[in-house]
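Peer 1: Got a structure here, written out as structure tokens. Questions coming.
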Amino acid sequence: MPQAAVGVSPAEASAYVGIDTLQEQTRVRALRRGYTFNLLVVGRSGLGKSTLINTLFKSPVARRKEGQEEPLPSTTQVKKVETTVCEGGVKLNLTITDTPGFGDHINNANCWEPIVSYIEEQYGRYLTEEQKVYRLLRIPDSRVHCCLYFIPPSGHSLSSLDVEVLQRLDKVTNVVPVIAKADTLTLEEREAFKERIRADLHDHGIKSYPLEDTAVHDDAKMKVRLPFAVVGSNQWHEVHGRKVLGRRSTWGLVEVENKAHNDFACLRDMLIRTHMQDLIDSTSDYHYENFRRTKLSVVPNGEDAANRKEEAQSKL
């Protein structure tokens, strides 16, 4: 029989129900099931997408290995790699989806269509399974939870292609813009570039994550950093007796996880340590719900469900 806590009367101790154990029960169940996170990376070739993803998870989870060259596809393709990452008893089923061929051609008209189609196809698969009479107890979740959109470090502003693509992506998924290879810009150039990008996003009505209606701590501090100016590297260097990930040049070493050097640590913390569950929830509650509502509000013959309801009522 459990002993009464110090300073608690026997009557109060006997009134204990055990509701506070629900949190622990939820944690144990979640650990047993594992977690699923699906990340989409979009950007031109040569921006270090695979290197950054491998640096984020400190594991070779991205599609392309370091130094491996692949032929440029004639059109934008969608390729995904599924892997499992374990840390501290927590299992994460991770899917990295890459888009080779995006923005790499002279004519990039409609190069975003395979990407948007892929995202909506995953919503469609989930909706189909959800509507079955005899459905799985746990529907496999292949829905894209976050899209990292890589912006070239030009130092100017968003290109017309960037604006065109972001205006379509933010309607279907959580978009996080990042400035690739930020060590090619000076600190002054980087801040000015960020200001111009933020102005472009606002002027064109592009919504980046976190959305305005999310309520996760430190959102204000995080938004000041957007878009994240990042540096990725899989190379370890020794600095004052400690090992750090970094990129060495003739003038010095850029430490990947040093917030004074770049925003990689802020991006990592947001994606994994503070906002991963919110990214999953907002995908389900916002983007997927919009897709679901749109699909179910249209009947097979193309008529709007509301119009059909009004027509049926008029016949009564």
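Each chain in the structure tokens gets a letter, A, B, ..., in the order shown, and its residues are numbered from 1; ligands are numbered from 1 in order too.
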Give the alpha helix (DSSP H) residues of stretch 173-212 of chain A, as DSSP finds them on the backbone, and put them as JSON, numbers by chain.
Peer 2: {"A": [187, 188, 189, 190, 191, 192, 193, 194, 195, 196, 197, 198, 199, 200, 201, 202, 203]}
Peer 1: Based on the selection just made, write N, CA and C atoms of those residues as a PDB file, in the first residue's frame.
Peer 2:
```pdb
ATOM      1  N   LEU A 187      27.898  38.938 -42.937  1.00  0.00           N
ATOM      2  CA  LEU A 187      26.810  39.107 -41.981  1.00  0.00           C
ATOM      3  C   LEU A 187      25.856  40.222 -42.416  1.00  0.00           C
ATOM      4  N   GLU A 188      26.409  41.315 -42.953  1.00  0.00           N
ATOM      5  CA  GLU A 188      25.569  42.422 -43.411  1.00  0.00           C
ATOM      6  C   GLU A 188      24.734  42.006 -44.615  1.00  0.00           C
ATOM      7  N   GLU A 189      25.359  41.292 -45.561  1.00  0.00           N
ATOM      8  CA  GLU A 189      24.626  40.821 -46.737  1.00  0.00           C
ATOM      9  C   GLU A 189      23.530  39.842 -46.330  1.00  0.00           C
ATOM     10  N   ARG A 190      23.820  39.005 -45.355  1.00  0.00           N
ATOM     11  CA  ARG A 190      22.851  38.011 -44.906  1.00  0.00           C
ATOM     12  C   ARG A 190      21.617  38.667 -44.310  1.00  0.00           C
ATOM     13  N   GLU A 191      21.803  39.645 -43.436  1.00  0.00           N
ATOM     14  CA  GLU A 191      20.671  40.313 -42.811  1.00  0.00           C
ATOM     15  C   GLU A 191      19.846  41.089 -43.825  1.00  0.00           C
ATOM     16  N   ALA A 192      20.521  41.757 -44.773  1.00  0.00           N
ATOM     17  CA  ALA A 192      19.805  42.498 -45.805  1.00  0.00           C
ATOM     18  C   ALA A 192      19.014  41.546 -46.698  1.00  0.00           C
ATOM     19  N   PHE A 193      19.601  40.392 -46.987  1.00  0.00           N
ATOM     20  CA  PHE A 193      18.935  39.375 -47.814  1.00  0.00           C
ATOM     21  C   PHE A 193      17.696  38.850 -47.098  1.00  0.00           C
ATOM     22  N   LYS A 194      17.827  38.609 -45.803  1.00  0.00           N
ATOM     23  CA  LYS A 194      16.678  38.136 -45.026  1.00  0.00           C
ATOM     24  C   LYS A 194      15.543  39.153 -45.064  1.00  0.00           C
ATOM     25  N   GLU A 195      15.875  40.433 -44.906  1.00  0.00           N
ATOM     26  CA  GLU A 195      14.853  41.479 -44.918  1.00  0.00           C
ATOM     27  C   GLU A 195      14.114  41.514 -46.248  1.00  0.00           C
ATOM     28  N   ARG A 196      14.864  41.376 -47.338  1.00  0.00           N
ATOM     29  CA  ARG A 196      14.224  41.402 -48.667  1.00  0.00           C
ATOM     30  C   ARG A 196      13.338  40.182 -48.870  1.00  0.00           C
ATOM     31  N   ILE A 197      13.772  39.025 -48.396  1.00  0.00           N
ATOM     32  CA  ILE A 197      12.961  37.809 -48.523  1.00  0.00           C
ATOM     33  C   ILE A 197      11.690  37.929 -47.700  1.00  0.00           C
ATOM     34  N   ARG A 198      11.809  38.422 -46.463  1.00  0.00           N
ATOM     35  CA  ARG A 198      10.617  38.607 -45.633  1.00  0.00           C
ATOM     36  C   ARG A 198       9.636  39.572 -46.289  1.00  0.00           C
ATOM     37  N   ALA A 199      10.164  40.626 -46.918  1.00  0.00           N
ATOM     38  CA  ALA A 199       9.302  41.578 -47.609  1.00  0.00           C
ATOM     39  C   ALA A 199       8.621  40.920 -48.805  1.00  0.00           C
ATOM     40  N   ASP A 200       9.363  40.086 -49.543  1.00  0.00           N
ATOM     41  CA  ASP A 200       8.784  39.382 -50.697  1.00  0.00           C
ATOM     42  C   ASP A 200       7.682  38.432 -50.255  1.00  0.00           C
ATOM     43  N   LEU A 201       7.915  37.707 -49.183  1.00  0.00           N
ATOM     44  CA  LEU A 201       6.903  36.772 -48.669  1.00  0.00           C
ATOM     45  C   LEU A 201       5.635  37.524 -48.279  1.00  0.00           C
ATOM     46  N   HIS A 202       5.807  38.664 -47.616  1.00  0.00           N
ATOM     47  CA  HIS A 202       4.647  39.457 -47.191  1.00  0.00           C
ATOM     48  C   HIS A 202       3.918  40.050 -48.393  1.00  0.00           C
ATOM     49  N   ASP A 203       4.659  40.607 -49.338  1.00  0.00           N
ATOM     50  CA  ASP A 203       4.039  41.264 -50.496  1.00  0.00           C
ATOM     51  C   ASP A 203       3.267  40.295 -51.375  1.00  0.00           C
TER      52      ASP A 203
END
```
Peer 1: For the structure I just gave you, how does DSSP split stretch 38-242 of chain A - specifically, which residues are strand (DSSP E)? Reply as a ChimeraX atom specification.
Peer 2: /A:38-42,79-87,90-98,146-151,175-179,228-229,236-239,242
Peer 1: Ranking A:Ser14, A:Thr128, A:Ser249, A:Asn38 by minimum distance to A:Ile272 and counting only C-alpha atoms, which one comes first?
Peer 2: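 Distance minimum relative to A:Ile272 lands on A:Asn38.
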Peer 1: Determine, counting only C-alpha atoms, which protein, DNA and RNA residues have an atom within 9 Å of an atom of stretch 83-88 of chain A; residues of the same chain fewer than 5 positions away are not included. Present the result as a VMD selection string.
Peer 2: chain A and resid 57 59 61 93 to 96
Peer 1: Neighbouring residues of stretch 174-184 of chain A were defined as those with any atom within 8 Å, considering only C-alpha atoms; residues of the same chain fewer than 5 positions away were excluded. Please report them as number ranges by chain.
Peer 2: A: 47-48, 145-153, 166, 169, 190, 207-210, 226-232, 254, 262, 279, 282-283
Peer 1: If I take atom CA of A:Thr76 and atom CA of A:Cys111, how far is one from the other in Å, to one decimal?
Peer 2: 5.9 Å
Peer 1: For atom CA of A:Asn54 and atom CA of A:Ser142, quote the distance in Å rounded to one decimal.
Peer 2: 20.4 Å
Peer 1: Atom CA of A:Asn234 and atom CA of A:Leu253, how far apart in Å?
Peer 2: 13.5 Å
Peer 1: Counting only C-alpha atoms, figure out which residue out of A:Val41, A:Val172, A:Ile19, A:Leu52 gets nearest to A:Gly246.
Peer 2: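 Ranking A:Val41, A:Val172, A:Ile19, A:Leu52 by distance to A:Gly246, first place goes to A:Leu52.
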Peer 1: My list of candidates is A:Phe102, A:Tyr134, A:Tyr123, A:Phe264. Which is closest to A:Val165 when distances are computed with only C-alpha atoms?
Peer 2: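 Of the candidates, the smallest distance to A:Val165 is held by A:Phe102.
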Peer 1: Pick the closest to A:Pro140 from A:Phe37, A:Tyr118, A:Tyr126, A:Phe291: which is it, counting only C-alpha atoms?
Peer 2: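 Smallest separation from A:Pro140 among the options: A:Tyr126.
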Peer 1: Can you pull out every residue within 8 Å of A:Leu245, counting only C-alpha atoms, but drop anything in the same chain fewer than 5 positions away, and send it as a list in words?
Peer 2: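 Listing them by chain and then by number gives Ser233, Asn234, Gln235, Trp236, His237, Glu255, Val256 and Glu257 of chain A.
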Peer 1: Take the selection from the previous step and output its residues with all heavy atoms, as a compact mmCIF listing (two decimals), in the first residue's frame.
Peer 2:
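Result file is result.txt:
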```txt
# COMPACT_ATOMS: atom_id res chain seq x y z
N SER A 233 27.46 20.57 -42.94
CA SER A 233 28.75 19.91 -43.14
C SER A 233 28.77 18.60 -42.37
O SER A 233 28.22 18.50 -41.27
CB SER A 233 29.89 20.80 -42.68
OG SER A 233 31.14 20.12 -42.77
N ASN A 234 29.42 17.61 -42.95
CA ASN A 234 29.61 16.33 -42.27
C ASN A 234 31.04 16.15 -41.79
O ASN A 234 31.42 15.07 -41.34
CB ASN A 234 29.25 15.17 -43.22
CG ASN A 234 27.79 15.20 -43.63
OD1 ASN A 234 26.92 15.56 -42.84
ND2 ASN A 234 27.51 14.83 -44.87
N GLN A 235 31.83 17.23 -41.88
CA GLN A 235 33.25 17.17 -41.51
C GLN A 235 33.45 17.67 -40.07
O GLN A 235 32.96 18.74 -39.70
CB GLN A 235 34.08 18.03 -42.47
CG GLN A 235 34.00 17.58 -43.92
CD GLN A 235 34.55 16.18 -44.13
OE1 GLN A 235 35.59 15.83 -43.56
NE2 GLN A 235 33.86 15.39 -44.94
N TRP A 236 34.18 16.87 -39.29
CA TRP A 236 34.48 17.25 -37.91
C TRP A 236 35.84 17.93 -37.83
O TRP A 236 36.79 17.53 -38.50
CB TRP A 236 34.48 16.01 -37.01
CG TRP A 236 33.13 15.40 -36.83
CD1 TRP A 236 32.57 14.40 -37.58
CD2 TRP A 236 32.16 15.75 -35.84
NE1 TRP A 236 31.30 14.11 -37.12
CE2 TRP A 236 31.02 14.92 -36.06
CE3 TRP A 236 32.12 16.68 -34.80
CZ2 TRP A 236 29.88 15.00 -35.27
CZ3 TRP A 236 30.98 16.76 -34.01
CH2 TRP A 236 29.88 15.92 -34.25
N HIS A 237 35.91 18.98 -37.01
CA HIS A 237 37.16 19.72 -36.82
C HIS A 237 37.36 19.92 -35.32
O HIS A 237 36.41 19.94 -34.54
CB HIS A 237 37.10 21.08 -37.52
CG HIS A 237 36.83 21.00 -39.00
ND1 HIS A 237 37.83 20.88 -39.93
CD2 HIS A 237 35.65 21.00 -39.68
CE1 HIS A 237 37.29 20.83 -41.16
NE2 HIS A 237 35.98 20.90 -41.02
N GLU A 255 31.51 27.17 -37.81
CA GLU A 255 30.98 26.10 -36.99
C GLU A 255 29.48 25.95 -37.26
O GLU A 255 28.71 26.89 -37.09
CB GLU A 255 31.21 26.39 -35.51
CG GLU A 255 32.69 26.46 -35.14
CD GLU A 255 32.88 26.78 -33.67
OE1 GLU A 255 31.98 26.45 -32.85
OE2 GLU A 255 33.94 27.35 -33.32
N VAL A 256 29.09 24.76 -37.68
CA VAL A 256 27.71 24.52 -38.09
C VAL A 256 26.73 24.80 -36.96
O VAL A 256 25.69 25.42 -37.17
CB VAL A 256 27.56 23.06 -38.59
CG1 VAL A 256 26.10 22.70 -38.75
CG2 VAL A 256 28.30 22.88 -39.91
N GLU A 257 27.03 24.36 -35.74
CA GLU A 257 26.09 24.46 -34.63
C GLU A 257 26.29 25.71 -33.77
O GLU A 257 25.69 25.83 -32.70
CB GLU A 257 26.17 23.21 -33.77
CG GLU A 257 25.76 21.94 -34.54
CD GLU A 257 25.71 20.71 -33.66
OE1 GLU A 257 26.27 20.76 -32.54
OE2 GLU A 257 25.11 19.71 -34.07
```
